[in-house]
Amino acid sequence: MHPRTQRVTLPVLVITALALLVAACTSQPEVEEASFDTDLPADAFHVTDFEGEFPDHFEDYLRNVRVDDYVSKLTVDVEPDLPILWSNLAFSKSYNYPRGHTYGLEDVLATPRIGDASIGSCMTCKSTAVPTLLDEFGDDYWSASFNEDLRPRVLELAEEGQDDRLGEFGHMGIGCSDCHDPQTMDLRITRPSLVNAMERRGFDIMEEATHNDMRSLVCAQCHVEYYFDADSKKVVFPWDRGLRPEDMWEYKQEDAIDAGFEADWVHGISGAPMLKAQHPEYELWSYGTHGEAGVSCADCHMPYQRIDGRKMSSHFWGSPLEDVDQSCRSCHADRTAGQLTERVRDTQERHLEAMEETQERSVRAHYYINRLITAGADEDVIEEARELVRKGQWFWDIIAAENSDGFHNPHGSMDAMRTSSDASNDAIRIATRELVRLGVDIDELDEMIEQTRQEVWDEPDPDQKADVAVNDFFPFQG
Ligand code: HEC
Ligand code: HEC
Ligand code: HEC
Ligand code: HEC
């Protein structure tokens with residue numbers, strides 16, 4: 001390893017001086033960028049390629065290998081209504097807490113959500129082999145068959161660089177080359193979807209991103225909301241109108257529909273065309289307190305630590321609460337670790353309570369629409385209610401998919417959940433009016449909803465719950 005230069009140029013010094021002024025109130029640690037000159041080939045992508053040059057980082061990275069089994073989120077103690085809310089979507093059958101970066105490839109190769117219709121795009125945030133696959137397949141990568149084209153090639157590429165310490169596929173999960181140029185170790189972006197999305201927002205990452213920006217942008221390659229373009233099947237980030245849930249909603253309702261993308265799936269209970277949101281950690285963070293203050297993902301998730309007296313960034317990605325002293329107290333030295341943890345847990349608790357309520361509203365709205373259908377309601381009313389249930393669900397799903405349980409942006413999360421409840425309540429109101437007009441017994445409907453919901457909660461096998469969400473009273477509408 002040959003540390004080359006500390007790039008301290010004049011503008012950086014000026015910025016550092018300003019940062020120090022701000023530091024008086026924010027005490028944000030400064031971050032220097034180190035550059036290296038390795039002997040690695042420019043296209044190195046097996047994590048094990050990096051061990052020789054960076055033994056400490058490799059060793060630290062091994063901490064991500066934790067024997068943690070899958071933990072389902074479909075259970076009563078987590079988000080019990082999800083099997084109803086995702087009826088007719090593969091997620092309703094399998095939805096687990098995320099695992100460590102070393103499991104990215106292993107998990108995508110194993111998940112029952114991948115089927116013969118799955119495409120190359122599904123690989124995009126799971127493996128260091130993606131830039132190589134993009135080179136080999138060109139633009140066909142995105143729409144290639146996951147099972148027939150990509151899987152065999154990935155297994156071939158995985159034959160090299162294996163290491164027992166990393167498990168079967170840990171040498172090619174989310175690894176060094178996803179975030180670093182193998183020759184200089186400069187932070188870099190390897191996923192074109194992020195570069196394109198930022199470009200459409202008038203921001204040229206290569207030219208304009210500061211070093212501090214890069215400490216979050218490397219994560220924004222994957223920890224973001226996305227969808228597949230209708231024609232090219234490319235991974236697209238719906239950010240043209242902004243990064244807030246309401247901006248992405250407008251984008252999906254207008255730009256995406258204009259371009260031929262209407263829905264991710266049709267709901268099995270309401271028959272509504274639905275949107276599925278994915279983990280928008282970057283988006284929520286970007287307008288939360290820390291994002292606005294310039295506190296990067298790496299500040300909390302990769303804090304500096306000392307190994308044998310040498311200072312290095314942690315390369316274990318998990319809960320910052322496992323090491324509050326390093327992750328938080330570098331800035332919040334005036335609080336104890338216990339106080340900070342309590343503050344986070346308190347925020348999360350309130351968040352999860354609000355989430356349960358807003359999801360319950362959505363559940364009710366789906367079943368009310370189901371009853372509209374079976375009661376032979378006016379098609380216009382059904383359509384109007386479907387539009388509202390779609391909106392209600394988007395605004396909680398984008399927040400539920402965010403993995404910090406509200407911490408990254410408590411206020412933004414609450415705002416979105418309020419919008420969600422309003423939309424679901426509107427759907428219920430419209431449906432109720434029509435059902436009353438048709439002489440439907442609303443009390444019986446409410447009882448059947450509670451009963452069905454209870455059956456879903458009581459079903460012990462998470463993967464069977466979705467089947468219990470429909471029955472003779474609420475027939476499948478997918
Ligand atoms: C998910 C992104 C990501 C992955 C994967 C990753 N790193 Fe890093 N790495 C970072 C970030 C962010 C920094 C902080 C860089 C900075 O601020 O200059 C960093 C810093 C470094 C540094 C500079 C010294 C230091 O500790 O701050 C080295 C060397 C390094 N990483 C090596 C590795 C190696 C080797 C691997 C694979 C075993 C790896 N990294 C995997 C994001 C990543
Ligand atoms: C190439 C894509 C990619 C990049 C880049 C990436 N991640 Fe991840 N990250 C993932 C995936 C995929 C998972 C879930 C893996 C699984 O469950 O198999 C994950 C999981 C995590 C987890 C949960 C780990 C656990 O044990 O629960 C954290 C925390 C995390 N990432 C933080 C970060 C941070 C911070 C960065 C940037 C420094 C980053 N990630 C960059 C794809 C990525
Ligand atoms: C101010 C500190 C802070 C910043 C900045 C921050 N996070 Fe977090 N992050 C947290 C905390 C605290 C949690 C909740 C951990 C818990 O519940 O135990 C969390 C949770 C997560 C999780 C879920 C972890 C898990 O085990 O399931 C992911 C993924 C994640 N953050 C990614 C990111 C990304 C990506 C960024 C930047 C866009 C970011 N975080 C910025 C503090 C931070
Ligand atoms: C790099 C510096 C930095 C790090 C690291 C950091 N914070 Fe902060 N934090 C800030 C700044 C700046 C603010 C906003 C100004 C203020 O209110 O002090 C803030 C505000 C907060 C707030 C009040 C605002 C809100 O969103 O509720 C809490 C709580 C908080 N931080 C908790 C944490 C926790 C927990 C961690 C570790 C997981 C952490 N912070 C890590 C700099 C940091």
# chains A, B, ... in the order shown; residues from 1 in each chain; ligands from 1

call {"tool": "residues_near_ligand", "arguments": {"ligand": "ligand 3", "cutoff": "9 Å", "atoms": "only C-alpha atoms and all ligand atoms", "output": "ChimeraX atom specification"}}
result
/A:97-100,215-220,222-224,279-286,289-291,294-301,317-322,324,327-328,341,344-345,348,402-408

call {"tool": "residues_around", "arguments": {"residues": "region 178-183 of chain A", "least_positions_apart": "5", "cutoff": "8 Å", "atoms": "only C-alpha atoms", "output": "short mmCIF file (atom, residue, chain, number, x, y, z; two decimals) with C-alpha atoms, in the first residue's frame"}}
result
data_model
loop_
_atom_site.label_atom_id
_atom_site.label_comp_id
_atom_site.auth_asym_id
_atom_site.auth_seq_id
_atom_site.Cartn_x
_atom_site.Cartn_y
_atom_site.Cartn_z
CA PHE A 36 -3.38 5.22 -2.90
CA ASP A 37 -1.46 3.65 -5.74
CA THR A 38 -2.20 -0.08 -5.67
CA ASP A 39 -0.97 -2.89 -7.87
CA LEU A 40 -4.52 -4.04 -8.54
CA PRO A 41 -5.97 -4.17 -12.05
CA ALA A 42 -8.51 -1.43 -12.81
CA ASP A 43 -11.31 -4.00 -13.12
CA ALA A 44 -10.59 -5.97 -9.92
CA THR A 128 -19.48 -6.33 -7.32
CA ARG A 188 -16.32 6.28 -7.12
CA ILE A 189 -19.77 5.64 -8.56
CA THR A 190 -20.13 2.37 -10.44
CA VAL A 218 -21.55 5.86 -2.78
#

call {"tool": "select_by_dssp", "arguments": {"residues": "region 56-213 of chain A", "states": "helix (DSSP H, G or I)", "output": "number ranges by chain"}}
result
A: 56-64, 82-85, 90-92, 101-110, 120-123, 130-141, 146-157, 164-166, 170-172, 176-179, 192-200, 205-208, 211-213

call {"tool": "atom_distance", "arguments": {"atom1": "CA of Arg306 (chain A)", "atom2": "atom 41 (C, counted along the ligand's line) of ligand 4"}}
result
18.4 Å

call {"tool": "closest_atom_pairs", "arguments": {"of": "chain A", "to": "ligand 1", "cutoff": "9 Å", "atoms": "only C-alpha atoms and all ligand atoms", "output": "tab-separated table"}}
result
residue	atom	partner	partner_atom_place_in_ligand_line	distance
A:Met1	CA	ligand 1	29 (C)	8.5
A:Val31	CA	ligand 1	17 (O)	5.8
A:Glu32	CA	ligand 1	18 (O)	5.9
A:Glu33	CA	ligand 1	18 (O)	4.0
A:Ala34	CA	ligand 1	18 (O)	5.8
A:Ser35	CA	ligand 1	23 (C)	7.6
A:Phe36	CA	ligand 1	29 (C)	7.6
A:His46	CA	ligand 1	37 (C)	8.9
A:Val47	CA	ligand 1	38 (C)	5.5
A:Thr48	CA	ligand 1	38 (C)	7.4
A:Asp49	CA	ligand 1	35 (C)	8.6
A:Phe50	CA	ligand 1	35 (C)	5.1
A:Glu51	CA	ligand 1	35 (C)	6.5
A:Gly52	CA	ligand 1	35 (C)	8.9
A:Glu53	CA	ligand 1	35 (C)	7.4
A:Phe54	CA	ligand 1	35 (C)	5.0
A:Pro55	CA	ligand 1	35 (C)	7.4
A:Asp56	CA	ligand 1	35 (C)	7.9
A:His57	CA	ligand 1	35 (C)	4.9
A:Phe58	CA	ligand 1	38 (C)	4.3
A:Glu59	CA	ligand 1	38 (C)	7.7
A:Asp60	CA	ligand 1	38 (C)	7.7
A:Tyr61	CA	ligand 1	38 (C)	5.4
A:Leu62	CA	ligand 1	38 (C)	8.0
A:His101	CA	ligand 1	5 (C)	7.7
A:Thr128	CA	ligand 1	5 (C)	8.8
A:Gly173	CA	ligand 1	5 (C)	8.9
A:Ile174	CA	ligand 1	5 (C)	5.6
A:Gly175	CA	ligand 1	5 (C)	3.9
A:Cys176	CA	ligand 1	41 (C)	3.4
A:Ser177	CA	ligand 1	5 (C)	6.7
A:Asp178	CA	ligand 1	5 (C)	5.7
A:Cys179	CA	ligand 1	2 (C)	4.4
A:His180	CA	ligand 1	7 (N)	6.3
A:Pro182	CA	ligand 1	35 (C)	8.6
A:Met185	CA	ligand 1	28 (C)	6.3
A:Asp186	CA	ligand 1	18 (O)	7.1
A:Leu187	CA	ligand 1	15 (C)	6.5
A:His211	CA	ligand 1	17 (O)	6.9
A:Asn212	CA	ligand 1	17 (O)	7.0
A:Met214	CA	ligand 1	12 (C)	7.2
A:Arg215	CA	ligand 1	12 (C)	4.6
A:Ser216	CA	ligand 1	12 (C)	7.2
A:Leu217	CA	ligand 1	12 (C)	8.8
A:Val218	CA	ligand 1	2 (C)	5.9
A:Cys219	CA	ligand 1	1 (C)	5.9
A:Ser296	CA	ligand 1	12 (C)	8.9
A:Cys297	CA	ligand 1	12 (C)	8.0
A:Ala298	CA	ligand 1	12 (C)	5.3
A:Asp299	CA	ligand 1	12 (C)	8.5
A:Met302	CA	ligand 1	12 (C)	7.0
A:Pro303	CA	ligand 1	14 (C)	8.7
A:Tyr304	CA	ligand 1	27 (O)	7.2
A:Gln305	CA	ligand 1	26 (O)	8.5
A:Lys311	CA	ligand 1	26 (O)	6.8
A:Met312	CA	ligand 1	26 (O)	3.4
A:Ser313	CA	ligand 1	26 (O)	3.7
A:Ser314	CA	ligand 1	26 (O)	6.7
A:His315	CA	ligand 1	7 (N)	6.3
A:Trp317	CA	ligand 1	1 (C)	8.1

call {"tool": "closest_residue", "arguments": {"among": "A:Cys331, A:Met172, A:Leu105, A:Ile84", "to": "ligand 2", "atoms": "only C-alpha atoms and all ligand atoms"}}
result
A:Leu105

call {"tool": "closest_residue", "arguments": {"among": "A:Arg191, A:Arg151, A:Arg390, A:Arg244", "to": "ligand 2", "atoms": "only C-alpha atoms and all ligand atoms"}}
result
A:Arg191

call {"tool": "atom_distance", "arguments": {"atom1": "CA of Ala416 (chain A)", "atom2": "CA of Glu434 (chain A)"}}
result
27.6 Å

call {"tool": "atom_distance", "arguments": {"atom1": "CA of Ser121 (chain A)", "atom2": "CA of Arg66 (chain A)"}}
result
27.0 Å

call {"tool": "residues_around", "arguments": {"residues": "Pro245 (chain A)", "least_positions_apart": "6", "cutoff": "10 Å", "atoms": "only C-alpha atoms", "output": "list in words"}}
result
Glu225, Trp239, Tyr251, Ala277, Pro280, Glu283, Leu284, Trp394, Phe395, Trp396, Asp397, Ile398, Ile399, Gly412, Ser413, Asp415, Ala416 and Thr419 of chain A

call {"tool": "write_last_selection", "arguments": {"atoms": "N, CA and C atoms", "output": "PDB file, in the first residue's frame"}}
result
ATOM      1  N   GLU A 225     -34.910   4.682  -3.757  1.00  0.00           N
ATOM      2  CA  GLU A 225     -36.103   4.218  -4.463  1.00  0.00           C
ATOM      3  C   GLU A 225     -35.759   4.121  -5.964  1.00  0.00           C
ATOM      4  N   TRP A 239     -36.380  10.800  -9.583  1.00  0.00           N
ATOM      5  CA  TRP A 239     -35.995  11.995  -8.838  1.00  0.00           C
ATOM      6  C   TRP A 239     -36.146  13.294  -9.616  1.00  0.00           C
ATOM      7  N   TYR A 251     -43.938  12.375  -9.943  1.00  0.00           N
ATOM      8  CA  TYR A 251     -43.169  11.797 -11.045  1.00  0.00           C
ATOM      9  C   TYR A 251     -43.834  10.510 -11.530  1.00  0.00           C
ATOM     10  N   ALA A 277     -42.652   0.641  -3.295  1.00  0.00           N
ATOM     11  CA  ALA A 277     -41.497   1.493  -2.983  1.00  0.00           C
ATOM     12  C   ALA A 277     -40.332   0.648  -2.478  1.00  0.00           C
ATOM     13  N   PRO A 280     -35.721   4.005   0.480  1.00  0.00           N
ATOM     14  CA  PRO A 280     -35.185   5.333   0.144  1.00  0.00           C
ATOM     15  C   PRO A 280     -34.375   5.954   1.284  1.00  0.00           C
ATOM     16  N   GLU A 283     -32.859   9.338   0.104  1.00  0.00           N
ATOM     17  CA  GLU A 283     -33.828  10.411  -0.097  1.00  0.00           C
ATOM     18  C   GLU A 283     -34.295  10.991   1.245  1.00  0.00           C
ATOM     19  N   LEU A 284     -34.677  10.117   2.174  1.00  0.00           N
ATOM     20  CA  LEU A 284     -35.176  10.610   3.458  1.00  0.00           C
ATOM     21  C   LEU A 284     -34.073  11.344   4.210  1.00  0.00           C
ATOM     22  N   TRP A 394     -48.770   4.298  -1.388  1.00  0.00           N
ATOM     23  CA  TRP A 394     -47.448   4.820  -1.756  1.00  0.00           C
ATOM     24  C   TRP A 394     -46.838   5.585  -0.589  1.00  0.00           C
ATOM     25  N   PHE A 395     -47.659   6.430   0.057  1.00  0.00           N
ATOM     26  CA  PHE A 395     -47.107   7.327   1.067  1.00  0.00           C
ATOM     27  C   PHE A 395     -46.728   6.629   2.372  1.00  0.00           C
ATOM     28  N   TRP A 396     -47.306   5.446   2.660  1.00  0.00           N
ATOM     29  CA  TRP A 396     -46.719   4.734   3.813  1.00  0.00           C
ATOM     30  C   TRP A 396     -45.640   3.758   3.370  1.00  0.00           C
ATOM     31  N   ASP A 397     -45.800   3.187   2.166  1.00  0.00           N
ATOM     32  CA  ASP A 397     -44.845   2.160   1.745  1.00  0.00           C
ATOM     33  C   ASP A 397     -43.438   2.749   1.580  1.00  0.00           C
ATOM     34  N   ILE A 398     -43.372   3.958   1.036  1.00  0.00           N
ATOM     35  CA  ILE A 398     -42.057   4.578   0.825  1.00  0.00           C
ATOM     36  C   ILE A 398     -41.381   4.820   2.180  1.00  0.00           C
ATOM     37  N   ILE A 399     -42.187   5.029   3.219  1.00  0.00           N
ATOM     38  CA  ILE A 399     -41.624   5.255   4.553  1.00  0.00           C
ATOM     39  C   ILE A 399     -41.319   3.913   5.246  1.00  0.00           C
ATOM     40  N   GLY A 412     -40.156  14.260   8.147  1.00  0.00           N
ATOM     41  CA  GLY A 412     -40.524  13.901   6.772  1.00  0.00           C
ATOM     42  C   GLY A 412     -41.351  12.626   6.766  1.00  0.00           C
ATOM     43  N   SER A 413     -41.005  11.680   7.646  1.00  0.00           N
ATOM     44  CA  SER A 413     -41.744  10.421   7.706  1.00  0.00           C
ATOM     45  C   SER A 413     -43.163  10.656   8.190  1.00  0.00           C
ATOM     46  N   ASP A 415     -44.911  13.403   8.024  1.00  0.00           N
ATOM     47  CA  ASP A 415     -45.669  14.120   6.982  1.00  0.00           C
ATOM     48  C   ASP A 415     -46.233  13.150   5.957  1.00  0.00           C
ATOM     49  N   ALA A 416     -45.369  12.236   5.500  1.00  0.00           N
ATOM     50  CA  ALA A 416     -45.804  11.297   4.465  1.00  0.00           C
ATOM     51  C   ALA A 416     -46.914  10.393   5.008  1.00  0.00           C
ATOM     52  N   THR A 419     -50.219  12.195   4.933  1.00  0.00           N
ATOM     53  CA  THR A 419     -50.772  12.213   3.573  1.00  0.00           C
ATOM     54  C   THR A 419     -51.398  10.860   3.248  1.00  0.00           C
TER      55      THR A 419
END

call {"tool": "residues_around", "arguments": {"residues": "region 374-388 of chain A", "least_positions_apart": "4", "cutoff": "10 Å", "atoms": "only C-alpha atoms", "output": "ChimeraX atom specification"}}
result
/A:267,270-274,362,365-366,368-370,392-394,420,422-431,433-435,437-440,473-475

call {"tool": "write_last_selection", "arguments": {"atoms": "C-alpha atoms", "output": "PDB file, in the first residue's frame"}}
result
ATOM      1  CA  HIS A 267     -53.634  -5.517  -5.867  1.00  0.00           C
ATOM      2  CA  SER A 270     -58.858  -4.019  -4.364  1.00  0.00           C
ATOM      3  CA  GLY A 271     -57.721  -4.697  -7.944  1.00  0.00           C
ATOM      4  CA  ALA A 272     -55.962  -1.310  -7.840  1.00  0.00           C
ATOM      5  CA  PRO A 273     -52.823  -0.710  -9.936  1.00  0.00           C
ATOM      6  CA  MET A 274     -50.159  -0.320  -7.249  1.00  0.00           C
ATOM      7  CA  SER A 362     -54.906   1.163   3.968  1.00  0.00           C
ATOM      8  CA  ALA A 365     -59.575   0.878   2.174  1.00  0.00           C
ATOM      9  CA  HIS A 366     -58.558  -2.221   0.157  1.00  0.00           C
ATOM     10  CA  TYR A 368     -63.923  -1.568   1.227  1.00  0.00           C
ATOM     11  CA  ILE A 369     -63.057  -1.504  -2.465  1.00  0.00           C
ATOM     12  CA  ASN A 370     -63.322  -5.275  -2.599  1.00  0.00           C
ATOM     13  CA  GLY A 392     -52.421   6.103   0.427  1.00  0.00           C
ATOM     14  CA  GLN A 393     -50.279   3.035   0.047  1.00  0.00           C
ATOM     15  CA  TRP A 394     -47.448   4.820  -1.756  1.00  0.00           C
ATOM     16  CA  SER A 420     -51.218   8.453   3.457  1.00  0.00           C
ATOM     17  CA  ASP A 422     -55.784  11.243   4.459  1.00  0.00           C
ATOM     18  CA  ALA A 423     -55.866   9.444   1.103  1.00  0.00           C
ATOM     19  CA  SER A 424     -56.967   6.109   2.614  1.00  0.00           C
ATOM     20  CA  ASN A 425     -59.656   7.837   4.661  1.00  0.00           C
ATOM     21  CA  ASP A 426     -60.931   9.539   1.501  1.00  0.00           C
ATOM     22  CA  ALA A 427     -61.113   6.154  -0.219  1.00  0.00           C
ATOM     23  CA  ILE A 428     -63.065   4.715   2.718  1.00  0.00           C
ATOM     24  CA  ARG A 429     -65.407   7.724   2.784  1.00  0.00           C
ATOM     25  CA  ILE A 430     -66.199   7.491  -0.926  1.00  0.00           C
ATOM     26  CA  ALA A 431     -66.696   3.739  -0.695  1.00  0.00           C
ATOM     27  CA  ARG A 433     -71.212   6.480   0.630  1.00  0.00           C
ATOM     28  CA  GLU A 434     -71.624   4.146  -2.343  1.00  0.00           C
ATOM     29  CA  LEU A 435     -72.017   1.024  -0.179  1.00  0.00           C
ATOM     30  CA  ARG A 437     -76.475   3.673  -1.326  1.00  0.00           C
ATOM     31  CA  LEU A 438     -76.337   0.017  -2.392  1.00  0.00           C
ATOM     32  CA  GLY A 439     -77.737  -1.116   0.951  1.00  0.00           C
ATOM     33  CA  VAL A 440     -74.597  -2.977   2.040  1.00  0.00           C
ATOM     34  CA  PHE A 473     -66.285 -12.960   1.534  1.00  0.00           C
ATOM     35  CA  PHE A 474     -63.356 -11.035   0.015  1.00  0.00           C
ATOM     36  CA  PRO A 475     -62.615 -12.867  -3.253  1.00  0.00           C
TER      37      PRO A 475
END

call {"tool": "residues_around", "arguments": {"residues": "Asp164 (chain A)", "least_positions_apart": "3", "cutoff": "12 Å", "atoms": "only C-alpha atoms", "output": "count of residues only"}}
result
9

call {"tool": "select_by_dssp", "arguments": {"residues": "region 38-239 of chain A", "states": "strand (DSSP E or B)", "output": "compact mmCIF listing (two decimals) with N, CA and C atoms, in the first residue's frame"}}
result
# COMPACT_ATOMS: atom_id res chain seq x y z
N SER A 72 -38.13 -12.53 9.27
CA SER A 72 -39.23 -12.04 8.46
C SER A 72 -39.84 -10.79 9.06
N ASN A 96 -37.86 -9.96 4.38
CA ASN A 96 -37.03 -10.10 5.57
C ASN A 96 -36.31 -8.80 5.89
N ILE A 119 -35.51 -10.00 -14.26
CA ILE A 119 -34.57 -9.48 -15.25
C ILE A 119 -33.24 -9.09 -14.63
N SER A 145 -32.48 -12.11 -19.07
CA SER A 145 -33.16 -12.99 -18.13
C SER A 145 -32.23 -13.25 -16.93
N HIS A 180 -14.98 1.95 -4.41
CA HIS A 180 -13.61 2.45 -4.59
C HIS A 180 -13.06 2.11 -5.97
N LEU A 187 -13.09 7.25 -3.80
CA LEU A 187 -14.50 6.87 -3.85
C LEU A 187 -15.00 7.09 -5.27
N TYR A 227 -37.27 2.21 -10.03
CA TYR A 227 -38.20 1.33 -10.75
C TYR A 227 -37.54 0.96 -12.07
N PHE A 228 -38.17 0.03 -12.78
CA PHE A 228 -37.60 -0.39 -14.07
C PHE A 228 -38.32 0.32 -15.21
N VAL A 235 -32.74 0.38 -14.59
CA VAL A 235 -33.05 0.88 -13.26
C VAL A 235 -33.07 2.41 -13.33
N VAL A 236 -34.22 3.01 -12.96
CA VAL A 236 -34.35 4.47 -12.99
C VAL A 236 -34.73 4.97 -11.61

call {"tool": "residues_around", "arguments": {"residues": "Ala230 (chain A)", "least_positions_apart": "5", "cutoff": "9 Å", "atoms": "only C-alpha atoms", "output": "ChimeraX atom specification"}}
result
/A:256,259-262

call {"tool": "residues_around", "arguments": {"residues": "region 453-456 of chain A", "least_positions_apart": "3", "cutoff": "8 Å", "atoms": "only C-alpha atoms", "output": "PyMOL selection string"}}
result
chain A and resi 80-81+83-84+449-450+459+465-466+468-469
